[in-house]
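One structure below.
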Amino acid sequence: MATFSLPAKDVDEWNLNPTVTYRHVLSQSTGVHNPLRTIGLCDLDCFYAQCEQRRLGIDPALPIVVLQWDMLIAVNYPAREFGIKRMTKLPDAKKMCPNLVVVHVATYKDGESEPKYHPDPNNKTHKVSLDLYRRESNKILNVFKTTLPTAEIEKASIDESFVDFTRPIQQILLERYPELASPPPDSPLNLDTPLPPPPARLEWHKSSVWVPVNPEAEKGTESSEGPQQEQDSTPATWHDVALSIAAELLDNTRREIRETLGYTTSAGIARNKFLAKLVASYKKPNSQSVLRNAAIPNYLRPLPFQKIRFLGGKLGTILAEEYEAKTVGELLYIDLAEMQRKFGPESLWVYQVFRGIDIGEVKEKPPVNKSMLASKNLPKPIRQDGDVLQWVRVLCSELAVRLLEARETGTVWPKTIALHTKQAGDSASKSKQTPFPFVRDLTGDVIVAAVMKLWKELHTSDAERAANPNVPKMKIINIAVSFNGVETLEQGQRNIAGFFGGPASKGASSSKLIAQEKKSHEDDSNASPLTYKCPTCSKVLSVLSVEGDDEDTRAARLEAVKAEHEDFHFAQRLSRQETIKLGAGSGKRRISPARRGPPSKKRKEPGIESFFKKK
DNA sequence: GTGGATGAG
DNA sequence: CGCTCATCCAC
């Protein structure tokens, strides 16, 4: 039998069978070092294709491709049966499959404030919109959050999320094996006592695919009940129990996604993020795969390391060239010191990943991204000032739509807005930024005005160009507008933002408003204090005058702001108590109590949203 | 603040 | 493999 066996030293170094103690079941503070840690990665099968299939109400068994201009950006599994791939040319794809459903992504057109499914979108005049996919992505994320309320969830991309199942697993272990709630009374190690052996007959989750421990031995018996046999021959550990529980939970979530939203997913479950991500592609589509610790070495050794997340690029290429190697196994003999000499501090991560170790945490991301960028490569370059506005309008209306969408989760403001351009033949790009126009009724036009000002700062005008023959010809082949430093405003700031600009100030810039504000203060020497310093957090709350209001009105507003701010502290105290409660009995090794615990919910404030009128 | 590098898909 | 994003970092 051509099975591999790993030297005991490696079992140790790879940490394949760590001791699990009562503390590991009871404590939330063990973090990435908890041997019960179990991570899932779930991604949508050919996501864009599924979105379009659902939008159009098409039978999912029909072959469908999603087009971006003349390029295929998504191919569903029925279409793949015909040999169609992402790089296939559209005419070729149609020949391979005459009944192929071809859908072009939605596009923005100048003069339209929303993306549409234009019957014949033109790359010369339209801009691609991925809005539908972003919205569907958020719906899916919500299914994760509601079906796994105690798990940590990290949205990794538009079609992928990581889930840290450790906490729900701890809860379920205690329900199913109540004896794990406390160590035997006579055990001197107390919580550090190792757990009793796991149940002799573990229920390996049935509808998951378990990666075999010895793939060679599997061959031939695989189709029948091979995997089950195999699993039984390598004794189950408590981590295997944890994997099984995660498999149940993720299976439920995936079913919910399928039944409520109609999307199929593929998932991987393993002890850390990188392995979960890797094993998710073990079987696709509409399937989930589980990697036991015992199966890690034989799974990893033959694996081309450039498939590993973050080794797909430059770093992976350097490694491949330096050692003329392709697989993880070929690099296992290289010691850490040598790698560190050659490749610097990145090496530790690489060294550990090759041994199935990754301490990367699953961390919830804030509901909105830090930046939003709308860009367009121009098949017909911009050659004069007059060509610019149409594109600026298209890009800005897209960003305006996206910003307003983001405001469904809170009061979101970018700090700055930037214009980026790229000249033909110049690999570099130029950009210029300015503070975001801080106005109440945000429209595309306000943003357009700001961007056009940036354009003037960035490029010499047509007039000057004509007057000065030394100025090189304009040939812009890429234009982009971005919002940077996008943040959800906190309680105190939110009120300030809400009162910025009264009804009269529509469309005015923030700097104007501030100027008005200063003036009215000077005029009113009897004004009562408009600020209040919070005794709890020392934040200074303030209300700003709105044209035409009086002292009493302002004072009342300050009171309202104070009350809301106190509510905020109240809610914070509540959520902190929750953390403490959950953490009780978890031992003394809590390092940073504030860091873990339930994600702090953004408090909803009725009324404030109405300040931001939709177009 | 600007521009470059890197990476995902 | 062209296109559309996002993040991080040096200066």
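Going by the structure tokens order, chains are called A, B, ..., each with residues numbered from 1, while ligands are numbered from 1 in the order shown.
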Please check the contacts: residues of chain B at most 8 Å away from chain A, using only C-alpha atoms (C1' of nucleotides), listed as an MDAnalysis selection string.
chainID B and resid 1:3 6:7
Write out as a PDB file with C-alpha atoms, in the first residue's frame all residues of region 48-242 of chain A that DSSP puts in alpha helix (DSSP H) for this structure's backbone.
```pdb
ATOM      1  CA  TYR A  48     -22.601  36.742 -11.804  1.00  0.00           C
ATOM      2  CA  ALA A  49     -24.133  34.019 -13.963  1.00  0.00           C
ATOM      3  CA  GLN A  50     -26.402  32.929 -11.127  1.00  0.00           C
ATOM      4  CA  CYS A  51     -27.456  36.523 -10.461  1.00  0.00           C
ATOM      5  CA  GLU A  52     -28.469  37.027 -14.085  1.00  0.00           C
ATOM      6  CA  GLN A  53     -30.195  33.647 -14.197  1.00  0.00           C
ATOM      7  CA  ARG A  54     -32.260  34.601 -11.149  1.00  0.00           C
ATOM      8  CA  ARG A  55     -32.974  38.106 -12.402  1.00  0.00           C
ATOM      9  CA  LEU A  56     -34.277  36.775 -15.693  1.00  0.00           C
ATOM     10  CA  TYR A  77     -21.874  25.010 -15.045  1.00  0.00           C
ATOM     11  CA  PRO A  78     -24.329  23.887 -17.740  1.00  0.00           C
ATOM     12  CA  ALA A  79     -22.414  26.091 -20.199  1.00  0.00           C
ATOM     13  CA  ARG A  80     -19.101  24.625 -19.037  1.00  0.00           C
ATOM     14  CA  LEU A  90     -18.084  34.860 -27.668  1.00  0.00           C
ATOM     15  CA  PRO A  91     -18.404  33.662 -31.299  1.00  0.00           C
ATOM     16  CA  ASP A  92     -16.604  30.434 -30.367  1.00  0.00           C
ATOM     17  CA  ALA A  93     -18.867  29.961 -27.383  1.00  0.00           C
ATOM     18  CA  LYS A  94     -21.938  30.365 -29.573  1.00  0.00           C
ATOM     19  CA  LYS A  95     -20.592  27.753 -31.964  1.00  0.00           C
ATOM     20  CA  MET A  96     -19.936  25.340 -29.103  1.00  0.00           C
ATOM     21  CA  ASP A 131     -24.529  46.960  -8.762  1.00  0.00           C
ATOM     22  CA  LEU A 132     -26.861  43.979  -8.960  1.00  0.00           C
ATOM     23  CA  TYR A 133     -24.104  41.676  -7.808  1.00  0.00           C
ATOM     24  CA  ARG A 134     -23.223  43.924  -4.873  1.00  0.00           C
ATOM     25  CA  ARG A 135     -26.826  43.976  -3.736  1.00  0.00           C
ATOM     26  CA  GLU A 136     -27.265  40.221  -4.028  1.00  0.00           C
ATOM     27  CA  SER A 137     -23.970  39.771  -2.219  1.00  0.00           C
ATOM     28  CA  ASN A 138     -25.310  41.779   0.714  1.00  0.00           C
ATOM     29  CA  LYS A 139     -28.493  39.698   0.849  1.00  0.00           C
ATOM     30  CA  ILE A 140     -26.389  36.560   1.064  1.00  0.00           C
ATOM     31  CA  LEU A 141     -24.247  38.034   3.804  1.00  0.00           C
ATOM     32  CA  ASN A 142     -27.431  38.682   5.768  1.00  0.00           C
ATOM     33  CA  VAL A 143     -28.385  35.016   5.539  1.00  0.00           C
ATOM     34  CA  PHE A 144     -25.023  34.148   7.071  1.00  0.00           C
ATOM     35  CA  LYS A 145     -25.549  36.627   9.866  1.00  0.00           C
ATOM     36  CA  THR A 146     -29.062  35.496  10.717  1.00  0.00           C
ATOM     37  CA  THR A 147     -28.439  31.756  10.475  1.00  0.00           C
ATOM     38  CA  THR A 166     -15.537  28.076  16.906  1.00  0.00           C
ATOM     39  CA  ARG A 167     -18.078  29.742  19.165  1.00  0.00           C
ATOM     40  CA  PRO A 168     -21.208  27.954  17.883  1.00  0.00           C
ATOM     41  CA  ILE A 169     -19.223  24.733  18.025  1.00  0.00           C
ATOM     42  CA  GLN A 170     -18.390  25.326  21.679  1.00  0.00           C
ATOM     43  CA  GLN A 171     -22.052  25.930  22.424  1.00  0.00           C
ATOM     44  CA  ILE A 172     -23.197  22.792  20.620  1.00  0.00           C
ATOM     45  CA  LEU A 173     -20.472  20.639  22.192  1.00  0.00           C
ATOM     46  CA  LEU A 174     -21.742  21.655  25.618  1.00  0.00           C
ATOM     47  CA  GLU A 175     -25.314  20.840  24.650  1.00  0.00           C
ATOM     48  CA  ARG A 176     -24.461  17.436  23.219  1.00  0.00           C
ATOM     49  CA  PRO A 215      -5.801   9.300  -1.222  1.00  0.00           C
ATOM     50  CA  GLU A 216      -3.725   6.436  -2.606  1.00  0.00           C
ATOM     51  CA  ALA A 217      -5.465   3.852  -0.453  1.00  0.00           C
ATOM     52  CA  GLU A 218      -8.809   5.350  -1.432  1.00  0.00           C
ATOM     53  CA  GLY A 226     -14.887   4.531   0.521  1.00  0.00           C
ATOM     54  CA  PRO A 227     -14.505   7.795   2.364  1.00  0.00           C
ATOM     55  CA  GLN A 228     -16.530   6.574   5.310  1.00  0.00           C
ATOM     56  CA  GLN A 229     -14.350   3.483   5.629  1.00  0.00           C
ATOM     57  CA  GLU A 230     -11.284   5.639   5.407  1.00  0.00           C
ATOM     58  CA  GLN A 231     -12.409   8.054   8.074  1.00  0.00           C
ATOM     59  CA  ASP A 232     -13.099   5.200  10.431  1.00  0.00           C
ATOM     60  CA  SER A 233      -9.600   3.819  10.092  1.00  0.00           C
ATOM     61  CA  TRP A 238     -12.396  16.309  19.063  1.00  0.00           C
ATOM     62  CA  HIS A 239     -11.422  18.535  16.168  1.00  0.00           C
ATOM     63  CA  ASP A 240     -13.138  16.076  13.835  1.00  0.00           C
ATOM     64  CA  VAL A 241     -16.237  16.424  15.986  1.00  0.00           C
ATOM     65  CA  ALA A 242     -15.908  20.191  15.593  1.00  0.00           C
TER      66      ALA A 242
END
```
With only C-alpha atoms (C1' of nucleotides) considered, list every residue of chain A at most 10 Å from chain C, as a PyMOL selection string.
chain A and resi 68-71+73+86-87+128-130+157+369-377
Those residues with all heavy atoms, as a short mmCIF file (atom, residue, chain, number, x, y, z; two decimals), in the first residue's frame please?
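Just written: result18.cif:
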```
data_model
loop_
_atom_site.label_atom_id
_atom_site.label_comp_id
_atom_site.auth_asym_id
_atom_site.auth_seq_id
_atom_site.Cartn_x
_atom_site.Cartn_y
_atom_site.Cartn_z
N GLN A 68 -19.03 41.09 -20.54
CA GLN A 68 -18.64 42.47 -20.31
C GLN A 68 -17.98 42.90 -21.61
O GLN A 68 -16.87 42.47 -21.91
CB GLN A 68 -17.66 42.53 -19.15
CG GLN A 68 -17.21 43.90 -18.78
CD GLN A 68 -16.26 43.82 -17.60
OE1 GLN A 68 -16.66 43.64 -16.47
NE2 GLN A 68 -14.97 43.91 -17.89
N TRP A 69 -18.68 43.68 -22.37
CA TRP A 69 -18.31 43.99 -23.76
C TRP A 69 -18.20 42.67 -24.51
O TRP A 69 -19.15 41.91 -24.50
CB TRP A 69 -17.04 44.85 -23.80
CG TRP A 69 -17.13 46.03 -22.85
CD1 TRP A 69 -16.21 46.41 -21.92
CD2 TRP A 69 -18.22 46.96 -22.72
NE1 TRP A 69 -16.65 47.51 -21.22
CE2 TRP A 69 -17.88 47.86 -21.69
CE3 TRP A 69 -19.45 47.13 -23.36
CZ2 TRP A 69 -18.72 48.90 -21.30
CZ3 TRP A 69 -20.29 48.16 -22.97
CH2 TRP A 69 -19.91 49.03 -21.96
N ASP A 70 -17.02 42.37 -25.06
CA ASP A 70 -17.00 41.11 -25.81
C ASP A 70 -16.30 40.00 -25.02
O ASP A 70 -15.84 39.02 -25.58
CB ASP A 70 -16.32 41.32 -27.17
CG ASP A 70 -14.91 41.87 -26.99
OD1 ASP A 70 -14.54 42.18 -25.84
OD2 ASP A 70 -14.20 42.01 -27.99
N MET A 71 -16.25 40.18 -23.73
CA MET A 71 -15.53 39.19 -22.92
C MET A 71 -16.46 38.48 -21.95
O MET A 71 -17.33 39.09 -21.34
CB MET A 71 -14.45 39.91 -22.14
CG MET A 71 -13.38 38.98 -21.67
SD MET A 71 -12.00 39.92 -21.12
CE MET A 71 -11.92 41.14 -22.40
N ILE A 73 -17.31 37.05 -18.56
CA ILE A 73 -16.81 37.18 -17.18
C ILE A 73 -17.43 36.15 -16.26
O ILE A 73 -17.00 36.00 -15.12
CB ILE A 73 -17.01 38.60 -16.61
CG1 ILE A 73 -18.48 39.01 -16.64
CG2 ILE A 73 -16.15 39.60 -17.32
CD1 ILE A 73 -18.75 40.29 -15.86
N ARG A 86 -13.89 30.83 -19.32
CA ARG A 86 -13.89 32.29 -19.21
C ARG A 86 -13.16 32.98 -20.35
O ARG A 86 -13.54 34.06 -20.76
CB ARG A 86 -13.32 32.73 -17.86
CG ARG A 86 -14.41 32.92 -16.81
CD ARG A 86 -13.84 33.35 -15.50
NE ARG A 86 -13.03 34.56 -15.63
CZ ARG A 86 -12.97 35.51 -14.74
NH1 ARG A 86 -13.67 35.40 -13.64
NH2 ARG A 86 -12.20 36.56 -14.90
N MET A 87 -12.10 32.35 -20.86
CA MET A 87 -11.36 33.04 -21.93
C MET A 87 -11.90 32.74 -23.33
O MET A 87 -11.39 33.26 -24.31
CB MET A 87 -9.87 32.72 -21.95
CG MET A 87 -9.13 32.19 -20.81
SD MET A 87 -9.77 31.02 -19.70
CE MET A 87 -8.26 30.24 -19.20
N VAL A 128 -19.79 49.87 -17.46
CA VAL A 128 -20.30 48.67 -16.79
C VAL A 128 -20.72 48.96 -15.35
O VAL A 128 -20.09 49.76 -14.66
CB VAL A 128 -19.19 47.59 -16.80
CG1 VAL A 128 -19.43 46.53 -15.75
CG2 VAL A 128 -19.07 46.98 -18.20
N SER A 129 -21.80 48.33 -14.89
CA SER A 129 -22.23 48.44 -13.49
C SER A 129 -22.33 47.06 -12.86
O SER A 129 -22.95 46.15 -13.41
CB SER A 129 -23.60 49.12 -13.42
OG SER A 129 -24.21 48.80 -12.18
N LEU A 130 -21.73 46.93 -11.70
CA LEU A 130 -21.79 45.64 -10.99
C LEU A 130 -22.76 45.70 -9.81
O LEU A 130 -22.70 44.89 -8.89
CB LEU A 130 -20.39 45.25 -10.49
CG LEU A 130 -19.30 45.21 -11.57
CD1 LEU A 130 -17.95 44.90 -10.95
CD2 LEU A 130 -19.63 44.20 -12.66
N SER A 157 -14.98 38.84 -0.33
CA SER A 157 -15.10 39.46 -1.64
C SER A 157 -16.57 39.46 -2.00
O SER A 157 -17.42 39.07 -1.20
CB SER A 157 -14.31 38.69 -2.70
OG SER A 157 -14.98 37.49 -3.04
N ASN A 369 -17.26 49.64 2.45
CA ASN A 369 -15.83 49.68 2.12
C ASN A 369 -15.25 51.06 2.35
O ASN A 369 -15.96 52.05 2.34
CB ASN A 369 -15.63 49.27 0.67
CG ASN A 369 -15.90 47.80 0.46
OD1 ASN A 369 -15.64 46.99 1.34
ND2 ASN A 369 -16.45 47.46 -0.69
N LYS A 370 -13.93 51.09 2.48
CA LYS A 370 -13.25 52.35 2.75
C LYS A 370 -13.18 53.24 1.52
O LYS A 370 -12.99 54.44 1.64
CB LYS A 370 -11.83 52.08 3.26
CG LYS A 370 -11.78 51.44 4.62
CD LYS A 370 -10.34 51.17 5.03
CE LYS A 370 -10.25 49.86 5.80
NZ LYS A 370 -8.87 49.38 5.92
N SER A 371 -13.25 52.64 0.38
CA SER A 371 -13.22 53.45 -0.84
C SER A 371 -14.18 52.88 -1.88
O SER A 371 -14.50 51.70 -1.87
CB SER A 371 -11.81 53.52 -1.41
OG SER A 371 -11.41 52.26 -1.88
N MET A 372 -14.61 53.78 -2.74
CA MET A 372 -15.46 53.37 -3.87
C MET A 372 -14.83 53.96 -5.10
O MET A 372 -14.50 55.15 -5.12
CB MET A 372 -16.86 53.98 -3.74
CG MET A 372 -17.69 53.46 -2.62
SD MET A 372 -19.28 54.33 -2.67
CE MET A 372 -19.96 53.72 -1.13
N LEU A 373 -14.67 53.17 -6.12
CA LEU A 373 -14.04 53.66 -7.32
C LEU A 373 -14.85 53.26 -8.56
O LEU A 373 -15.27 52.12 -8.67
CB LEU A 373 -12.62 53.11 -7.41
CG LEU A 373 -11.77 53.51 -8.60
CD1 LEU A 373 -10.39 53.92 -8.13
CD2 LEU A 373 -11.67 52.38 -9.58
N ALA A 374 -15.08 54.23 -9.41
CA ALA A 374 -15.72 53.93 -10.69
C ALA A 374 -14.73 54.32 -11.77
O ALA A 374 -14.29 55.47 -11.83
CB ALA A 374 -17.02 54.73 -10.84
N SER A 375 -14.35 53.38 -12.58
CA SER A 375 -13.34 53.70 -13.59
C SER A 375 -13.76 53.16 -14.95
O SER A 375 -14.57 52.26 -15.06
CB SER A 375 -11.98 53.14 -13.20
OG SER A 375 -11.87 51.80 -13.60
N LYS A 376 -13.18 53.76 -15.95
CA LYS A 376 -13.51 53.39 -17.32
C LYS A 376 -12.27 53.45 -18.19
O LYS A 376 -11.59 54.46 -18.22
CB LYS A 376 -14.58 54.36 -17.86
CG LYS A 376 -14.88 54.24 -19.33
CD LYS A 376 -15.74 53.03 -19.64
CE LYS A 376 -15.86 52.82 -21.15
NZ LYS A 376 -16.56 51.55 -21.47
N ASN A 377 -12.00 52.34 -18.84
CA ASN A 377 -10.98 52.36 -19.89
C ASN A 377 -11.64 52.84 -21.16
O ASN A 377 -12.72 52.35 -21.51
CB ASN A 377 -10.40 50.97 -20.10
CG ASN A 377 -9.42 50.60 -19.00
OD1 ASN A 377 -9.13 51.43 -18.15
ND2 ASN A 377 -8.94 49.39 -19.02
#
```
Considering only strand (DSSP E) as DSSP defines it on the backbone, what residues of region 340-460 of chain A qualify? List them as a list in words.
Met372, Leu373, Ala374, Ser375, Lys376, Asn377, Leu378, Pro379, Lys380, Pro381, Ile382, Val412, Trp413, Thr416, Ile417, Ala418, Leu419, His420, Thr421, Lys422, Gln423, Lys430, Ser431, Lys432, Gln433, Thr434 and Pro435 of chain A
Using CA of Ala181 (chain A) and CA of Asn34 (chain A) as the two end points, give the distance in Å to one decimal.
16.5 Å
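For the atom pair formed by CA of Leu72 (chain A) and CA of Asp45 (chain A), the distance is 15.3 Å, given to one decimal.
CA of Ser208 (chain A) is found 6.9 Å from CA of Ala247 (chain A).
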